[in-house]
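The file protein.csv comes next; it holds CSV, C-alpha atoms.
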chain,number,residue,atom,x,y,z
D,1242,MET,CA,12.9,-11.0,22.2
D,1243,ARG,CA,14.4,-9.7,18.9
D,1244,SER,CA,11.0,-8.7,17.6
D,1245,SER,CA,10.2,-6.7,20.7
D,1246,ARG,CA,13.5,-4.9,20.4
D,1247,VAL,CA,12.7,-4.0,16.7
D,1248,ARG,CA,9.2,-3.0,17.8
D,1249,ALA,CA,10.6,-0.7,20.5
D,1250,ALA,CA,13.0,0.8,17.9
D,1251,ALA,CA,10.1,1.3,15.4
D,1252,ALA,CA,8.0,3.0,18.2
D,1253,ARG,CA,10.9,5.3,18.9
D,1254,TRP,CA,11.2,6.3,15.3
D,1255,LEU,CA,7.4,6.8,14.9
D,1256,ILE,CA,7.2,9.1,17.9
D,1257,GLU,CA,10.4,11.0,16.8
D,1258,LEU,CA,8.9,11.6,13.4
D,1259,GLU,CA,5.4,12.4,14.8
D,1260,LEU,CA,6.7,15.0,17.2
D,1261,ALA,CA,9.6,16.5,15.4
D,1262,GLU,CA,9.1,20.1,14.2
D,1263,SER,CA,11.4,19.4,11.3
D,1264,ILE,CA,12.2,15.9,10.2
D,1265,ASP,CA,15.2,16.9,7.9
D,1266,ALA,CA,17.7,16.1,10.6
D,1267,ILE,CA,16.2,12.8,11.6
D,1268,TRP,CA,15.4,11.5,8.1
D,1269,PRO,CA,18.8,10.2,7.0
D,1270,ARG,CA,19.1,8.1,10.2
D,1271,PHE,CA,15.6,6.9,10.0
D,1272,ASP,CA,16.1,6.0,6.3
D,1273,ALA,CA,19.3,4.1,7.2
D,1274,TRP,CA,17.5,2.2,9.9
D,1275,LEU,CA,14.7,1.3,7.6
D,1276,ARG,CA,17.1,-0.1,4.9
D,1277,GLU,CA,19.1,-2.1,7.5
D,1278,ASN,CA,16.6,-4.9,7.5
D,1279,PRO,CA,13.3,-5.7,5.8
D,1280,GLU,CA,12.0,-6.6,9.3
D,1281,HIS,CA,12.4,-2.9,10.2
D,1282,GLN,CA,10.2,-1.8,7.4
D,1283,ARG,CA,7.5,-4.4,8.2
D,1284,THR,CA,7.5,-3.5,11.9
D,1285,TYR,CA,7.5,0.2,11.3
D,1286,LEU,CA,4.5,-0.2,8.9
D,1287,ARG,CA,2.6,-2.2,11.5
D,1288,ILE,CA,3.3,0.2,14.3
D,1289,GLU,CA,2.3,3.1,12.2
D,1290,LYS,CA,-0.9,1.3,11.2
D,1291,THR,CA,-1.7,0.9,14.9
D,1292,TRP,CA,-0.9,4.6,15.6
D,1293,ARG,CA,-3.4,5.6,12.9
D,1294,ALA,CA,-6.0,3.2,14.2
D,1295,LEU,CA,-5.6,5.0,17.6
D,1296,ASP,CA,-6.9,8.1,15.8
D,1297,GLY,CA,-10.3,6.5,15.9
D,1298,LEU,CA,-10.1,6.4,19.7
D,1299,GLY,CA,-11.5,9.9,20.1
D,1300,SER,CA,-14.9,9.0,18.8
D,1301,ALA,CA,-15.0,5.6,20.5
D,1302,TRP,CA,-14.1,7.3,23.8
D,1303,GLN,CA,-16.8,9.9,23.4
D,1304,ALA,CA,-19.4,7.2,22.5
D,1305,GLN,CA,-18.4,5.2,25.6
D,1306,ALA,CA,-18.6,8.4,27.8
D,1307,THR,CA,-22.1,9.2,26.4
D,1308,ARG,CA,-23.3,5.6,27.1
D,1309,ALA,CA,-21.9,5.8,30.6
D,1310,LYS,CA,-23.7,9.2,31.2
D,1311,ARG,CA,-27.0,7.8,29.9
D,1312,ARG,CA,-26.7,4.8,32.3
D,1313,ARG,CA,-26.3,7.2,35.2
P,823,MET,CA,18.0,-5.1,1.1
P,824,PRO,CA,21.0,-4.5,-1.2
P,825,GLY,CA,20.5,-2.1,-4.0
P,826,ALA,CA,17.1,-1.0,-2.7
P,827,ALA,CA,16.1,2.3,-4.2
P,828,PHE,CA,13.8,3.3,-1.4
P,829,VAL,CA,12.2,6.5,-0.7
P,830,THR,CA,12.4,9.5,-0.9
P,831,SER,CA,13.2,12.5,0.9
P,832,SER,CA,12.1,14.0,4.1
P,833,ALA,CA,10.1,16.6,2.1
P,834,GLN,CA,8.2,13.8,0.5
P,835,TYR,CA,7.6,12.4,3.9
P,836,ALA,CA,6.5,15.7,5.3
P,837,ASP,CA,4.0,16.1,2.5
P,838,THR,CA,2.3,12.9,3.5
P,839,VAL,CA,2.2,13.5,7.2
P,840,GLY,CA,-1.4,13.2,8.4
P,841,ASP,CA,-2.2,10.5,5.9
P,842,GLY,CA,-0.8,7.2,7.2
P,843,ARG,CA,-1.8,5.0,4.3
P,844,ARG,CA,-0.5,7.3,1.6
P,845,ARG,CA,2.7,7.7,3.6
P,846,GLN,CA,3.1,3.9,3.8
P,847,ARG,CA,2.8,3.7,0.0
P,848,ASP,CA,5.3,6.5,-0.4
P,849,PHE,CA,8.0,4.6,1.5
P,850,LEU,CA,9.1,2.6,-1.5
P,851,ARG,CA,9.1,5.3,-4.1
P,852,PRO,CA,12.0,5.1,-6.5
P,853,ARG,CA,15.0,7.3,-6.5
P,854,GLN,CA,15.7,9.2,-9.7
P,855,GLY,CA,18.3,8.1,-12.1
P,856,SER,CA,18.4,4.3,-11.7
P,857,CYS,CA,17.2,1.6,-14.1
P,858,LEU,CA,14.9,0.4,-11.4
P,859,GLU,CA,13.2,3.8,-11.7
P,860,LYS,CA,11.7,2.7,-15.0
P,861,LEU,CA,10.2,-0.3,-13.3
P,862,LEU,CA,8.8,1.7,-10.5
P,863,ALA,CA,7.7,4.6,-12.6
P,864,VAL,CA,4.5,2.7,-13.6
P,865,GLU,CA,2.0,5.0,-12.1
P,866,GLN,CA,1.1,4.0,-8.6
P,867,ARG,CA,-2.5,5.0,-9.2
P,868,VAL,CA,-2.7,2.4,-12.0
P,869,LEU,CA,-1.2,-0.3,-9.8
P,870,ILE,CA,-3.6,0.6,-7.0
P,871,SER,CA,-6.7,0.3,-9.2
P,872,TRP,CA,-5.4,-2.9,-10.6
P,873,LEU,CA,-4.8,-4.5,-7.2
P,874,TRP,CA,-8.1,-3.1,-6.0
P,875,LYS,CA,-9.8,-5.5,-8.4
P,876,PHE,CA,-8.5,-8.4,-6.4
P,877,THR,CA,-8.7,-7.2,-2.9
P,878,HIS,CA,-11.5,-4.6,-2.4
P,879,ASP,CA,-9.9,-3.8,0.9
P,880,SER,CA,-7.7,-0.8,1.3
P,881,TRP,CA,-5.6,-2.4,4.2
P,882,VAL,CA,-4.9,-5.5,2.2
P,883,LEU,CA,-4.2,-3.3,-0.8
P,884,ASP,CA,-1.5,-1.4,1.1
P,885,ASP,CA,0.2,-4.7,2.0
P,886,LEU,CA,0.0,-6.0,-1.5
P,887,LEU,CA,1.4,-2.8,-3.0
P,888,GLN,CA,4.3,-2.9,-0.6
P,889,GLU,CA,4.9,-6.5,-1.6
P,890,VAL,CA,4.9,-5.5,-5.3
P,891,TYR,CA,7.5,-2.8,-4.6
P,892,GLU,CA,9.6,-5.1,-2.5
P,893,ARG,CA,9.7,-7.6,-5.3
P,894,LEU,CA,10.5,-5.0,-7.9
P,895,LEU,CA,13.3,-3.6,-5.7
P,896,ARG,CA,14.8,-7.1,-5.5
P,897,VAL,CA,15.1,-7.2,-9.3
P,898,GLY,CA,18.4,-5.4,-9.3
P,899,GLU,CA,19.9,-2.9,-11.6
P,900,THR,CA,21.3,-5.4,-14.2
P,901,ARG,CA,18.2,-7.3,-14.7
P,902,ALA,CA,16.0,-4.2,-14.7
P,903,ALA,CA,18.1,-2.8,-17.6
P,904,SER,CA,17.4,-6.0,-19.6
P,905,ILE,CA,13.6,-5.9,-19.3
P,906,GLU,CA,11.9,-5.1,-22.6
P,907,SER,CA,8.4,-4.4,-21.6
P,908,VAL,CA,8.4,-2.5,-18.3
P,909,PRO,CA,4.7,-2.2,-17.8
P,910,GLY,CA,4.2,-5.8,-18.7
P,911,TYR,CA,6.8,-6.9,-16.2
P,912,VAL,CA,5.4,-4.7,-13.5
P,913,PHE,CA,1.9,-6.0,-14.0
P,914,GLY,CA,3.3,-9.6,-14.1
P,915,VAL,CA,4.7,-9.0,-10.7
P,916,CYS,CA,1.4,-7.4,-9.6
P,917,ARG,CA,-0.5,-10.5,-10.8
P,918,HIS,CA,1.9,-12.8,-9.0
P,919,VAL,CA,1.5,-10.9,-5.7
P,920,ALA,CA,-2.3,-10.9,-6.1
P,921,LEU,CA,-2.4,-14.6,-6.9
P,922,ASP,CA,-0.2,-15.4,-4.0
P,923,TRP,CA,-2.5,-13.4,-1.8
P,924,GLN,CA,-5.5,-15.2,-3.1
P,925,HIS,CA,-3.8,-18.5,-2.7
P,926,ARG,CA,-3.2,-17.6,0.9
P,927,LYS,CA,-6.9,-16.6,1.3
P,928,ARG,CA,-8.2,-19.5,-0.7
P,929,SER,CA,-11.8,-18.7,0.1
P,930,LEU,CA,-11.8,-15.8,-2.3
P,931,PRO,CA,-12.6,-16.4,-5.9
P,932,LEU,CA,-10.5,-14.8,-8.5
P,933,ASP,CA,-12.9,-12.2,-9.9
P,934,TYR,CA,-11.1,-10.1,-12.4
P,935,VAL,CA,-13.1,-7.1,-13.2
P,936,ALA,CA,-12.8,-6.0,-16.8
P,937,ASP,CA,-14.9,-2.8,-16.6
P,938,PRO,CA,-12.9,0.0,-14.8
P,939,GLU,CA,-16.2,1.7,-13.8
P,940,LEU,CA,-17.0,-1.3,-11.7
P,941,LEU,CA,-13.9,-0.7,-9.7
P,942,THR,CA,-15.3,2.4,-8.1
P,943,MET,CA,-18.5,0.7,-6.9
P,944,ALA,CA,-18.7,0.1,-3.2
P,945,ASP,CA,-19.3,-3.4,-1.9
P,946,PRO,CA,-21.6,-3.1,1.1
P,947,GLN,CA,-20.7,-6.5,2.4
P,948,ARG,CA,-17.0,-5.7,2.5
P,949,ASP,CA,-17.7,-2.2,3.9
P,950,VAL,CA,-19.6,-3.8,6.8
P,951,GLU,CA,-16.7,-6.3,7.3
P,952,ARG,CA,-14.2,-3.5,7.4
P,953,ILE,CA,-16.3,-1.4,9.8
P,954,VAL,CA,-16.7,-4.4,12.1
P,955,ALA,CA,-13.0,-5.2,11.9
P,956,SER,CA,-12.0,-1.6,12.7
P,957,GLN,CA,-14.5,-1.5,15.6
P,958,GLN,CA,-13.0,-4.7,17.0
P,959,GLU,CA,-9.6,-3.2,16.6
P,960,ILE,CA,-10.6,-0.1,18.5
P,961,GLN,CA,-12.2,-2.3,21.3
P,962,LEU,CA,-9.0,-4.2,21.5
P,963,LEU,CA,-6.9,-1.1,21.6
P,964,MET,CA,-9.1,0.4,24.4
P,965,LYS,CA,-8.7,-2.8,26.4
P,966,GLU,CA,-4.9,-2.5,26.0
P,967,ILE,CA,-5.0,1.1,26.9
P,968,TRP,CA,-6.6,0.3,30.2
P,969,ARG,CA,-3.8,-2.2,30.9
P,970,LEU,CA,-1.1,0.5,30.4
P,971,PRO,CA,0.5,2.1,33.4
P,972,ALA,CA,-1.6,5.1,34.6
P,973,ARG,CA,0.8,7.8,33.5
P,974,CYS,CA,1.4,6.2,30.1
P,975,ARG,CA,-2.4,5.9,29.6
P,976,ARG,CA,-3.0,9.5,30.6
P,977,ILE,CA,-0.4,10.8,28.2
P,978,LEU,CA,-1.7,8.6,25.3
P,979,VAL,CA,-5.3,9.7,25.9
P,980,LEU,CA,-4.3,13.4,26.1
P,981,VAL,CA,-2.5,13.1,22.7
P,982,LYS,CA,-4.8,10.8,20.8
P,983,VAL,CA,-8.2,11.6,22.3
P,984,PHE,CA,-7.8,15.3,23.2
P,985,GLY,CA,-5.3,16.2,20.6
P,986,TYR,CA,-2.7,17.7,22.9
P,987,SER,CA,0.8,18.2,21.6
P,988,ALA,CA,3.8,16.7,23.5
P,989,LYS,CA,4.7,20.2,24.8
P,990,GLU,CA,1.2,20.7,26.1
P,991,VAL,CA,1.1,17.4,27.8
P,992,ALA,CA,4.5,18.1,29.4
P,993,ALA,CA,3.2,21.4,30.7
P,994,GLU,CA,-0.1,19.9,31.8
P,995,LEU,CA,1.5,17.1,33.7
P,996,LYS,CA,4.6,19.0,34.7
P,997,ILE,CA,7.0,16.5,33.3
P,998,ALA,CA,9.8,16.6,30.7
P,999,GLU,CA,8.9,16.4,27.1
P,1000,THR,CA,11.3,13.5,26.7
P,1001,THR,CA,9.2,11.6,29.3
P,1002,VAL,CA,6.1,12.2,27.2
P,1003,LYS,CA,7.9,10.8,24.1
P,1004,LYS,CA,9.1,7.8,26.0
P,1005,GLN,CA,5.6,7.0,27.3
P,1006,LEU,CA,4.1,7.4,23.9
P,1007,GLN,CA,6.7,5.0,22.5
P,1008,ILE,CA,5.8,2.5,25.2
P,1009,ALA,CA,2.1,2.9,24.4
P,1010,ALA,CA,2.6,2.5,20.6
P,1011,ALA,CA,4.7,-0.6,21.1
P,1012,ARG,CA,2.3,-2.2,23.5
P,1013,CYS,CA,-0.8,-1.5,21.4
P,1014,THR,CA,0.9,-2.9,18.3
P,1015,GLU,CA,1.9,-6.0,20.2
P,1016,ALA,CA,-1.8,-6.4,21.4
P,1017,LEU,CA,-3.0,-6.3,17.8
P,1018,GLU,CA,-0.3,-8.7,16.6
P,1019,ASP,CA,-1.3,-11.1,19.4
P,1020,LYS,CA,-4.9,-10.9,18.3
P,1021,GLN,CA,-3.9,-11.8,14.7
P,1022,SER,CA,-1.8,-14.8,15.8
P,1023,ARG,CA,-4.3,-16.1,18.3
P,1024,PRO,CA,-6.7,-17.8,15.9
P,1025,GLY,CA,-3.9,-19.9,14.4
P,1026,LEU,CA,-2.8,-21.0,17.9
P,1027,GLN,CA,-6.3,-21.9,18.8
P,1028,LEU,CA,-6.7,-24.0,15.7
P,1029,LEU,CA,-3.4,-25.7,16.4
P,1030,CYS,CA,-4.5,-26.5,19.9
P,1031,LYS,CA,-7.8,-27.8,18.6
P,1032,LEU,CA,-6.0,-30.0,16.1
P,1033,MET,CA,-3.8,-31.3,18.8
P,1034,GLY,CA,-6.8,-31.9,21.0
P,1035,ARG,CA,-5.3,-29.7,23.7
P,1036,ARG,CA,-6.7,-26.7,25.5
P,1037,SER,CA,-3.3,-24.9,25.5
P,1038,LEU,CA,0.0,-25.3,23.9
P,1039,ARG,CA,1.6,-25.3,27.3
P,1040,ALA,CA,2.5,-28.8,28.6
How does the structure come out when it is put into structure tokens?
Amino acid sequence: MRSSRVRAAAARWLIELELAESIDAIWPRFDAWLRENPEHQRTYLRIEKTWRALDGLGSAWQAQATRAKRRR
Amino acid sequence: MPGAAFVTSSAQYADTVGDGRRRQRDFLRPRQGSCLEKLLAVEQRVLISWLWKFTHDSWVLDDLLQEVYERLLRVGETRAASIESVPGYVFGVCRHVALDWQHRKRSLPLDYVADPELLTMADPQRDVERIVASQQEIQLLMKEIWRLPARCRRILVLVKVFGYSAKEVAAELKIAETTVKKQLQIAAARCTEALEDKQSRPGLQLLCKLMGRRSLRA
């Protein structure tokens, strides 16, 4: 339960940072949250790793679509 | 973590946007003016190439590097000031972290490479393993994406596959930008959970096997 709360918070920070036009205003709060607990750092790194892995989705998606087209 | 001299500044962070791995490493950079700074000033490049000798895997390397910094940050100001040979101490920590990792892995032999040129050589076997692992990861993520609620999935695909910005998604789907953010947060958390489940599953399976049961549930 606790880990899912931390994961949700980490996801919130990730998206905030990803979509912010300027992160100057967000940074101090993010930094404070990160220092609060080592679990926050670990979870954030994991969530960011997943987010980066999702970057490979585009090519996988295209490959799947091409295969589906060929089958048709 | 008391006394932790973490990152950095938002500018440092902004510099690294777009490169997740580098950004992860930059998290634990030292702040200027502390005794710990001396400890952490040993060039990251050197630490990376040193740890690479043990791992030959960039993802593991990220984890180990983070562990090195975490251990260094735990040293504390007073002790940091009394360390005579800073590089020696840092590499000692590095060595401990690498040995601990190898101990955990067990199957890997300790192959210290003395020739720095060898460090740049690619290992085809490991490359194949890494490619297979990342393909499995993608497959798993795709499965998880199909399990997401329809709107959440659509938003994630528009952002990650088609490269839409949050504003563009909001305009396309005629929803608020905050909704886009919320849905992306859900997607990120769910996908991470799926990958974590996958990592913990083999252990559970082994435990079930050892207990002679098909499931841990009674």
Residues of chain P near chain D: apply a cut-off of 6 Å, count only C-alpha atoms, and supply the list as a PyMOL selection string. chain P and resi 832+983+1007+1010-1011+1014
Interatomic distance between CA of Leu883 (chain P) and CA of Val919 (chain P)? 10.7 Å
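Using all atoms listed in the file, the smallest distance between any of P:Tyr911, P:Asp879, P:Trp923, P:Ala1009 and Ile967 (chain P) comes from P:Ala1009.
Here CA of Glu990 (chain P) is placed at a distance of 20.8 Å from CA of Leu970 (chain P).
Of note, CA of Gln888 (chain P) and CA of Gln958 (chain P) are spaced 24.7 Å apart.
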